[in-house]
Amino acid sequence: MASILSVSGSPSPTSRTTRLLRHLDDRLRLQGHDVTPLDVRTLPAQALLGADFGHPAIAAATALFEQADGVVIGTPVYKAAYSGLLKSLLDLLPQYALTGKTVLPLATGGSTAHVLAIDYALRPVLSSMGPSHIVPGWFTLDKDITVGEDGTLTVASASATALEQVTDHFSRALGGRTAVLASTA
């Protein structure tokens, strides 16, 4: 199946965004895809902020984008926009780093007031990078994502259903199998 890069733009080590992405990564793996996670917060801050294109970690991240057939981009919403950490990585990628790729944008946030951040902040940047297709994304409220003491993730039913639908749509766009999966909520 397809090779997918799953990018978390959250700066937090206990991020709901990252946990949600890793949960969806598992669903994509069950559909036959090879998924590689990338947490932008693990890249060297000096390289990101100093625009060090030649830094080995930045070069490796760029190579992951080049090798992927599809890219899932997840970000928390801050001040009605995607994270500055994600922006710092996107700024370092080649202008057309998403050429020929299918992209799934996802966002998390504390208020429905930020639901349009995907379409008005993130989608234009992703579009400028040349993807062949950006599938409809999804915004999930923080309150709909619960992490148990044992680290298990629970997503509220309505959000879980919507996330499954957008993830399955992304998978189908990449040629994945989705028909026989049980709910992973």
# chains A, B, ... in the order shown; residues from 1 in each chain; ligands from 1
>>> residues_around(residues="segment 77-84 of chain A", least_positions_apart="6", cutoff="12 Å", atoms="only C-alpha atoms", output="JSON, numbers by chain")
{"A": [8, 9, 10, 11, 12, 15, 16, 17, 40, 41, 45, 48, 49, 90, 91, 105, 106, 107, 108, 109, 110, 111, 112, 113, 114, 115, 116, 117, 118, 119, 120, 121, 122, 123, 124, 125, 126, 139, 140, 141, 142]}
>>> select_by_dssp(residues="segment 10-174 of chain A", states="strand (DSSP E)", output="VMD selection string")
chain A and resid 34 to 39 70 to 78 81 to 82 102 to 109 133 to 134 138 to 141 145 to 147 153 to 155
>>> select_by_dssp(residues="segment 3-171 of chain A", states="helix (DSSP H, G or I)", output="PyMOL selection string")
chain A and resi 16-30+40-42+45-49+56-67+84-92+112-114+117-128+142-144+157-171
>>> atom_distance(atom1="atom CA of Ile73 of chain A", atom2="atom CA of Ala160 of chain A")
17.5 Å
>>> closest_residue(among="A:Ser159, A:Met1, A:Leu92, A:Ala68", to="His33 of chain A", atoms="only C-alpha atoms")
A:Met1
>>> atom_distance(atom1="atom CA of Ser3 of chain A", atom2="atom CA of Asp34 of chain A")
4.8 Å
>>> atom_distance(atom1="atom CA of Phe170 of chain A", atom2="atom CA of Ser6 of chain A")
12.3 Å
>>> closest_residue(among="A:Val7, A:Ala173, A:Leu24, A:Leu38", to="Lys101 of chain A", atoms="only C-alpha atoms")
A:Ala173
>>> residues_around(residues="Asp25 of chain A", least_positions_apart="6", cutoff="10 Å", atoms="only C-alpha atoms", output="ChimeraX atom specification")
/A:4-6,19,31,33-37,72,167
>>> closest_residue(among="A:Ala51, A:Ala162, A:Leu86, A:Ala97", to="Pro136 of chain A", atoms="only C-alpha atoms")
A:Ala162
